[in-house]
>>> print(open('model_14.txt').read())   # compact mmCIF, N, CA and C atoms
# COMPACT_ATOMS: atom_id res chain seq x y z
N GLN A 227 101.66 209.63 143.93
CA GLN A 227 100.71 209.68 142.85
C GLN A 227 99.72 208.53 142.94
N ALA A 228 100.22 207.35 143.29
CA ALA A 228 99.35 206.18 143.38
C ALA A 228 98.24 206.37 144.41
N CYS A 229 98.48 207.23 145.40
CA CYS A 229 97.49 207.50 146.46
C CYS A 229 96.64 208.73 146.13
N GLY A 230 96.85 209.29 144.95
CA GLY A 230 96.08 210.46 144.56
C GLY A 230 96.59 211.76 145.15
N MET A 231 97.79 211.76 145.66
CA MET A 231 98.36 212.98 146.25
C MET A 231 99.26 213.67 145.25
N ARG A 232 99.29 214.99 145.33
CA ARG A 232 100.10 215.80 144.43
C ARG A 232 101.23 216.46 145.23
N VAL A 233 102.40 216.50 144.61
CA VAL A 233 103.57 217.15 145.20
C VAL A 233 103.78 218.45 144.44
N PRO A 234 103.83 219.59 145.09
CA PRO A 234 103.80 219.88 146.51
C PRO A 234 102.43 220.32 147.02
N GLU A 235 101.39 220.25 146.19
CA GLU A 235 100.09 220.77 146.60
C GLU A 235 99.52 220.07 147.83
N ASP A 236 99.64 218.74 147.90
CA ASP A 236 99.07 217.98 149.01
C ASP A 236 100.12 217.54 150.03
N ILE A 237 101.33 217.32 149.57
CA ILE A 237 102.40 216.84 150.45
C ILE A 237 103.73 217.36 149.93
N SER A 238 104.59 217.75 150.85
CA SER A 238 105.94 218.19 150.48
C SER A 238 106.89 217.01 150.60
N VAL A 239 107.84 216.94 149.68
CA VAL A 239 108.83 215.87 149.68
C VAL A 239 110.20 216.51 149.65
N MET A 240 111.10 215.97 150.47
CA MET A 240 112.44 216.54 150.57
C MET A 240 113.47 215.43 150.62
N GLY A 241 114.62 215.67 150.03
CA GLY A 241 115.68 214.68 150.04
C GLY A 241 116.90 215.18 150.77
N PHE A 242 117.96 214.38 150.70
CA PHE A 242 119.20 214.72 151.37
C PHE A 242 120.35 214.34 150.46
N ASP A 243 121.38 215.14 150.43
CA ASP A 243 122.62 214.94 149.67
C ASP A 243 122.64 215.64 148.33
N ASP A 244 121.53 216.16 147.85
CA ASP A 244 121.47 216.88 146.58
C ASP A 244 122.11 216.08 145.44
N ILE A 245 121.67 214.85 145.27
CA ILE A 245 122.18 214.02 144.19
C ILE A 245 121.77 214.64 142.85
N PRO A 246 122.49 214.36 141.77
CA PRO A 246 122.17 214.97 140.47
C PRO A 246 120.72 214.75 140.03
N LEU A 247 120.14 213.60 140.33
CA LEU A 247 118.77 213.30 139.94
C LEU A 247 117.76 214.28 140.55
N ALA A 248 118.10 214.88 141.68
CA ALA A 248 117.18 215.78 142.39
C ALA A 248 116.75 216.96 141.53
N SER A 249 117.63 217.44 140.65
CA SER A 249 117.28 218.60 139.83
C SER A 249 116.69 218.19 138.48
N ILE A 250 116.61 216.89 138.21
CA ILE A 250 116.11 216.41 136.92
C ILE A 250 114.68 215.90 137.01
N ILE A 251 114.33 215.25 138.13
CA ILE A 251 112.99 214.67 138.27
C ILE A 251 111.92 215.75 138.34
N THR A 252 110.68 215.36 138.12
CA THR A 252 109.56 216.30 138.18
C THR A 252 108.63 215.90 139.30
N PRO A 253 108.31 216.81 140.23
CA PRO A 253 108.91 218.13 140.37
C PRO A 253 110.33 218.02 140.91
N ASN A 254 111.14 219.03 140.61
CA ASN A 254 112.52 219.05 141.12
C ASN A 254 112.49 218.93 142.64
N LEU A 255 113.40 218.10 143.19
CA LEU A 255 113.38 217.76 144.61
C LEU A 255 114.13 218.78 145.46
N THR A 256 113.43 219.35 146.45
CA THR A 256 114.09 220.17 147.47
C THR A 256 114.98 219.23 148.28
N THR A 257 116.17 219.69 148.61
CA THR A 257 117.12 218.79 149.26
C THR A 257 118.08 219.55 150.16
N VAL A 258 118.74 218.83 151.04
CA VAL A 258 119.80 219.39 151.87
C VAL A 258 121.13 218.99 151.23
N TRP A 259 121.94 219.97 150.90
CA TRP A 259 123.26 219.71 150.34
C TRP A 259 124.25 219.58 151.47
N GLN A 260 125.19 218.66 151.32
CA GLN A 260 126.29 218.54 152.27
C GLN A 260 127.56 218.24 151.49
N PRO A 261 128.71 218.60 152.03
CA PRO A 261 129.97 218.41 151.31
C PRO A 261 130.44 216.94 151.37
N ALA A 262 130.03 216.14 150.41
CA ALA A 262 130.31 214.70 150.44
C ALA A 262 131.80 214.40 150.45
N PHE A 263 132.57 215.10 149.64
CA PHE A 263 134.02 214.84 149.60
C PHE A 263 134.66 215.18 150.95
N GLU A 264 134.28 216.33 151.50
CA GLU A 264 134.82 216.74 152.80
C GLU A 264 134.39 215.76 153.90
N LYS A 265 133.18 215.26 153.82
CA LYS A 265 132.70 214.28 154.79
C LYS A 265 133.55 213.01 154.72
N GLY A 266 133.85 212.57 153.51
CA GLY A 266 134.66 211.37 153.33
C GLY A 266 136.09 211.55 153.80
N THR A 267 136.71 212.69 153.47
CA THR A 267 138.09 212.91 153.89
C THR A 267 138.19 213.06 155.40
N ASN A 268 137.20 213.69 156.01
CA ASN A 268 137.19 213.80 157.48
C ASN A 268 137.00 212.44 158.13
N ALA A 269 136.13 211.61 157.56
CA ALA A 269 135.91 210.27 158.11
C ALA A 269 137.21 209.46 158.05
N ALA A 270 137.93 209.55 156.93
CA ALA A 270 139.20 208.83 156.81
C ALA A 270 140.22 209.35 157.81
N ARG A 271 140.31 210.67 157.95
CA ARG A 271 141.26 211.27 158.89
C ARG A 271 140.95 210.85 160.32
N ILE A 272 139.69 210.86 160.68
CA ILE A 272 139.27 210.47 162.04
C ILE A 272 139.59 209.00 162.28
N LEU A 273 139.32 208.16 161.29
CA LEU A 273 139.61 206.73 161.43
C LEU A 273 141.11 206.49 161.61
N ILE A 274 141.92 207.14 160.80
CA ILE A 274 143.37 206.99 160.91
C ILE A 274 143.86 207.46 162.27
N GLU A 275 143.38 208.60 162.73
CA GLU A 275 143.76 209.13 164.04
C GLU A 275 143.35 208.16 165.15
N TYR A 276 142.17 207.59 165.02
CA TYR A 276 141.70 206.63 166.03
C TYR A 276 142.56 205.37 166.03
N LEU A 277 142.86 204.85 164.85
CA LEU A 277 143.67 203.62 164.76
C LEU A 277 145.09 203.84 165.25
N GLN A 278 145.63 205.03 165.02
CA GLN A 278 147.01 205.32 165.43
C GLN A 278 147.12 205.69 166.90
N ASN A 279 146.17 206.47 167.39
CA ASN A 279 146.29 207.04 168.74
C ASN A 279 145.12 206.76 169.68
N GLY A 280 144.05 206.19 169.17
CA GLY A 280 142.87 205.95 170.00
C GLY A 280 142.08 207.20 170.29
N ASN A 281 142.35 208.29 169.57
CA ASN A 281 141.66 209.57 169.81
C ASN A 281 140.44 209.70 168.89
N LEU A 282 139.34 210.15 169.47
CA LEU A 282 138.14 210.48 168.71
C LEU A 282 137.80 211.95 168.95
N PRO A 283 137.35 212.66 167.93
CA PRO A 283 137.00 214.07 168.13
C PRO A 283 135.72 214.19 168.96
N GLN A 284 135.60 215.30 169.68
CA GLN A 284 134.38 215.57 170.45
C GLN A 284 133.19 215.67 169.50
N SER A 285 133.35 216.46 168.45
CA SER A 285 132.30 216.60 167.43
C SER A 285 132.92 217.21 166.18
N LEU A 286 132.21 217.07 165.10
CA LEU A 286 132.64 217.64 163.83
C LEU A 286 131.40 218.14 163.12
N ILE A 287 131.37 219.41 162.81
CA ILE A 287 130.21 220.00 162.16
C ILE A 287 130.64 220.49 160.78
N LEU A 288 129.94 220.02 159.76
CA LEU A 288 130.22 220.43 158.39
C LEU A 288 129.11 221.36 157.92
N ASP A 289 129.46 222.23 156.98
CA ASP A 289 128.47 223.14 156.43
C ASP A 289 127.45 222.39 155.59
N THR A 290 126.21 222.79 155.68
CA THR A 290 125.14 222.27 154.83
C THR A 290 124.31 223.46 154.39
N HIS A 291 123.51 223.27 153.37
CA HIS A 291 122.53 224.30 153.04
C HIS A 291 121.34 223.68 152.33
N LEU A 292 120.24 224.37 152.45
CA LEU A 292 118.98 223.94 151.88
C LEU A 292 118.90 224.39 150.42
N VAL A 293 118.62 223.46 149.52
CA VAL A 293 118.43 223.77 148.11
C VAL A 293 116.92 223.64 147.85
N VAL A 294 116.25 224.77 147.79
CA VAL A 294 114.80 224.78 147.63
C VAL A 294 114.46 224.65 146.14
N ARG A 295 113.65 223.64 145.86
CA ARG A 295 113.19 223.43 144.49
C ARG A 295 111.67 223.34 144.54
N LYS A 296 111.06 222.57 143.66
CA LYS A 296 109.62 222.60 143.51
C LYS A 296 108.85 221.51 144.24
N SER A 297 109.51 220.68 145.02
CA SER A 297 108.81 219.57 145.70
C SER A 297 108.29 219.93 147.08
N THR A 298 108.49 221.16 147.50
CA THR A 298 107.97 221.60 148.79
C THR A 298 107.10 222.83 148.60
N GLY A 299 106.07 222.94 149.42
CA GLY A 299 105.17 224.07 149.32
C GLY A 299 104.86 224.64 150.68
N LEU A 300 103.97 225.57 150.70
CA LEU A 300 103.55 226.19 151.95
C LEU A 300 102.71 225.24 152.76
N VAL A 301 102.80 225.35 154.08
CA VAL A 301 101.98 224.56 154.99
C VAL A 301 100.57 225.13 154.96
N LYS A 302 99.58 224.27 154.75
CA LYS A 302 98.19 224.72 154.74
C LYS A 302 97.65 224.75 156.17
N PRO A 303 96.91 225.81 156.51
CA PRO A 303 96.34 225.89 157.87
C PRO A 303 95.25 224.86 158.10
>>> encode(input="model_14.txt", output="structure tokens")
Amino acid sequence: QACGMRVPEDISVMGFDDIPLASIITPNLTTVWQPAFEKGTNAARILIEYLQNGNLPQSLILDTHLVVRKSTGLVKP
């Protein structure tokens, strides 16, 4: 706003983690949701496994999804 830009008319803004504030602010923030509790429990499990056995997983992919709200708009040509 200080630069005279409007969201989403002039610029799109997006967040991550879908914090509660994202749906309260104006305009509501488009965000990527991720399973925070599952991320934490997996991190603890991986750390324990590493400390006990020295094993690290090859990779770990958690589900995420896009929560579209009013802070993003169409790309202008």
>>> residues_around(input="model_14.txt", residues="Asp289 in chain A", least_positions_apart="2", cutoff="7 Å", atoms="only C-alpha atoms", output="list in words")
Gln260, Ile287 and His291 of chain A
>>> atom_distance(input="model_14.txt", atom1="CA of Phe263 in chain A", atom2="CA of Ser249 in chain A")
19.7 Å
>>> atom_distance(input="model_14.txt", atom1="CA of Asp244 in chain A", atom2="CA of Gly266 in chain A")
15.8 Å
>>> select_by_dssp(input="model_14.txt", residues="chain A", states="strand (DSSP E or B)", output="list in words")
Met240, Gly241, Phe242, Thr256, Thr257, Val258, Trp259, His291, Leu292 and Val293 of chain A
>>> decode(input="model_14.txt", residues="range 251-281 of chain A", atoms="N, CA and C atoms", output="PDB file, in the first residue's frame")
ATOM      1  N   ILE A 251      -7.116 -11.293   7.778  1.00  0.00           N
ATOM      2  CA  ILE A 251      -6.625 -10.034   7.216  1.00  0.00           C
ATOM      3  C   ILE A 251      -7.343  -9.693   5.919  1.00  0.00           C
ATOM      4  N   THR A 252      -7.239  -8.434   5.512  1.00  0.00           N
ATOM      5  CA  THR A 252      -7.870  -7.988   4.273  1.00  0.00           C
ATOM      6  C   THR A 252      -6.798  -7.543   3.298  1.00  0.00           C
ATOM      7  N   PRO A 253      -6.775  -8.069   2.071  1.00  0.00           N
ATOM      8  CA  PRO A 253      -7.598  -9.189   1.618  1.00  0.00           C
ATOM      9  C   PRO A 253      -7.115 -10.500   2.235  1.00  0.00           C
ATOM     10  N   ASN A 254      -8.028 -11.459   2.330  1.00  0.00           N
ATOM     11  CA  ASN A 254      -7.662 -12.776   2.865  1.00  0.00           C
ATOM     12  C   ASN A 254      -6.500 -13.338   2.058  1.00  0.00           C
ATOM     13  N   LEU A 255      -5.519 -13.926   2.767  1.00  0.00           N
ATOM     14  CA  LEU A 255      -4.269 -14.357   2.156  1.00  0.00           C
ATOM     15  C   LEU A 255      -4.360 -15.760   1.557  1.00  0.00           C
ATOM     16  N   THR A 256      -4.069 -15.869   0.259  1.00  0.00           N
ATOM     17  CA  THR A 256      -3.909 -17.179  -0.375  1.00  0.00           C
ATOM     18  C   THR A 256      -2.666 -17.810   0.234  1.00  0.00           C
ATOM     19  N   THR A 257      -2.731 -19.101   0.515  1.00  0.00           N
ATOM     20  CA  THR A 257      -1.631 -19.733   1.234  1.00  0.00           C
ATOM     21  C   THR A 257      -1.509 -21.206   0.875  1.00  0.00           C
ATOM     22  N   VAL A 258      -0.370 -21.783   1.196  1.00  0.00           N
ATOM     23  CA  VAL A 258      -0.163 -23.218   1.054  1.00  0.00           C
ATOM     24  C   VAL A 258      -0.317 -23.832   2.441  1.00  0.00           C
ATOM     25  N   TRP A 259      -1.232 -24.766   2.569  1.00  0.00           N
ATOM     26  CA  TRP A 259      -1.440 -25.468   3.832  1.00  0.00           C
ATOM     27  C   TRP A 259      -0.525 -26.676   3.870  1.00  0.00           C
ATOM     28  N   GLN A 260       0.023 -26.949   5.037  1.00  0.00           N
ATOM     29  CA  GLN A 260       0.793 -28.169   5.240  1.00  0.00           C
ATOM     30  C   GLN A 260       0.459 -28.716   6.622  1.00  0.00           C
ATOM     31  N   PRO A 261       0.601 -30.023   6.815  1.00  0.00           N
ATOM     32  CA  PRO A 261       0.236 -30.636   8.090  1.00  0.00           C
ATOM     33  C   PRO A 261       1.316 -30.394   9.164  1.00  0.00           C
ATOM     34  N   ALA A 262       1.190 -29.308   9.904  1.00  0.00           N
ATOM     35  CA  ALA A 262       2.226 -28.911  10.867  1.00  0.00           C
ATOM     36  C   ALA A 262       2.456 -29.975  11.931  1.00  0.00           C
ATOM     37  N   PHE A 263       1.395 -30.553  12.471  1.00  0.00           N
ATOM     38  CA  PHE A 263       1.561 -31.577  13.512  1.00  0.00           C
ATOM     39  C   PHE A 263       2.295 -32.792  12.953  1.00  0.00           C
ATOM     40  N   GLU A 264       1.882 -33.231  11.767  1.00  0.00           N
ATOM     41  CA  GLU A 264       2.528 -34.383  11.130  1.00  0.00           C
ATOM     42  C   GLU A 264       3.994 -34.078  10.806  1.00  0.00           C
ATOM     43  N   LYS A 265       4.266 -32.861  10.399  1.00  0.00           N
ATOM     44  CA  LYS A 265       5.645 -32.459  10.111  1.00  0.00           C
ATOM     45  C   LYS A 265       6.495 -32.548  11.382  1.00  0.00           C
ATOM     46  N   GLY A 266       5.940 -32.077  12.490  1.00  0.00           N
ATOM     47  CA  GLY A 266       6.664 -32.127  13.754  1.00  0.00           C
ATOM     48  C   GLY A 266       6.887 -33.539  14.260  1.00  0.00           C
ATOM     49  N   THR A 267       5.859 -34.386  14.177  1.00  0.00           N
ATOM     50  CA  THR A 267       6.018 -35.760  14.655  1.00  0.00           C
ATOM     51  C   THR A 267       7.000 -36.533  13.783  1.00  0.00           C
ATOM     52  N   ASN A 268       6.979 -36.289  12.487  1.00  0.00           N
ATOM     53  CA  ASN A 268       7.949 -36.940  11.598  1.00  0.00           C
ATOM     54  C   ASN A 268       9.363 -36.464  11.875  1.00  0.00           C
ATOM     55  N   ALA A 269       9.527 -35.170  12.142  1.00  0.00           N
ATOM     56  CA  ALA A 269      10.857 -34.640  12.447  1.00  0.00           C
ATOM     57  C   ALA A 269      11.398 -35.291  13.724  1.00  0.00           C
ATOM     58  N   ALA A 270      10.544 -35.433  14.738  1.00  0.00           N
ATOM     59  CA  ALA A 270      10.974 -36.069  15.987  1.00  0.00           C
ATOM     60  C   ALA A 270      11.331 -37.535  15.755  1.00  0.00           C
ATOM     61  N   ARG A 271      10.508 -38.240  14.984  1.00  0.00           N
ATOM     62  CA  ARG A 271      10.767 -39.655  14.691  1.00  0.00           C
ATOM     63  C   ARG A 271      12.079 -39.826  13.940  1.00  0.00           C
ATOM     64  N   ILE A 272      12.316 -38.977  12.961  1.00  0.00           N
ATOM     65  CA  ILE A 272      13.554 -39.044  12.170  1.00  0.00           C
ATOM     66  C   ILE A 272      14.767 -38.749  13.054  1.00  0.00           C
ATOM     67  N   LEU A 273      14.642 -37.750  13.920  1.00  0.00           N
ATOM     68  CA  LEU A 273      15.746 -37.418  14.815  1.00  0.00           C
ATOM     69  C   LEU A 273      16.058 -38.573  15.765  1.00  0.00           C
ATOM     70  N   ILE A 274      15.032 -39.166  16.339  1.00  0.00           N
ATOM     71  CA  ILE A 274      15.233 -40.303  17.243  1.00  0.00           C
ATOM     72  C   ILE A 274      15.884 -41.465  16.512  1.00  0.00           C
ATOM     73  N   GLU A 275      15.401 -41.774  15.323  1.00  0.00           N
ATOM     74  CA  GLU A 275      15.971 -42.858  14.518  1.00  0.00           C
ATOM     75  C   GLU A 275      17.438 -42.576  14.197  1.00  0.00           C
ATOM     76  N   TYR A 276      17.736 -41.328  13.872  1.00  0.00           N
ATOM     77  CA  TYR A 276      19.119 -40.961  13.560  1.00  0.00           C
ATOM     78  C   TYR A 276      20.015 -41.094  14.792  1.00  0.00           C
ATOM     79  N   LEU A 277      19.540 -40.600  15.928  1.00  0.00           N
ATOM     80  CA  LEU A 277      20.345 -40.671  17.157  1.00  0.00           C
ATOM     81  C   LEU A 277      20.561 -42.102  17.624  1.00  0.00           C
ATOM     82  N   GLN A 278      19.563 -42.956  17.415  1.00  0.00           N
ATOM     83  CA  GLN A 278      19.667 -44.351  17.857  1.00  0.00           C
ATOM     84  C   GLN A 278      20.457 -45.219  16.889  1.00  0.00           C
ATOM     85  N   ASN A 279      20.251 -45.012  15.591  1.00  0.00           N
ATOM     86  CA  ASN A 279      20.819 -45.930  14.591  1.00  0.00           C
ATOM     87  C   ASN A 279      21.667 -45.268  13.512  1.00  0.00           C
ATOM     88  N   GLY A 280      21.692 -43.951  13.473  1.00  0.00           N
ATOM     89  CA  GLY A 280      22.442 -43.255  12.425  1.00  0.00           C
ATOM     90  C   GLY A 280      21.767 -43.297  11.074  1.00  0.00           C
ATOM     91  N   ASN A 281      20.488 -43.688  11.027  1.00  0.00           N
ATOM     92  CA  ASN A 281      19.756 -43.797   9.760  1.00  0.00           C
ATOM     93  C   ASN A 281      18.996 -42.506   9.459  1.00  0.00           C
TER      94      ASN A 281
END
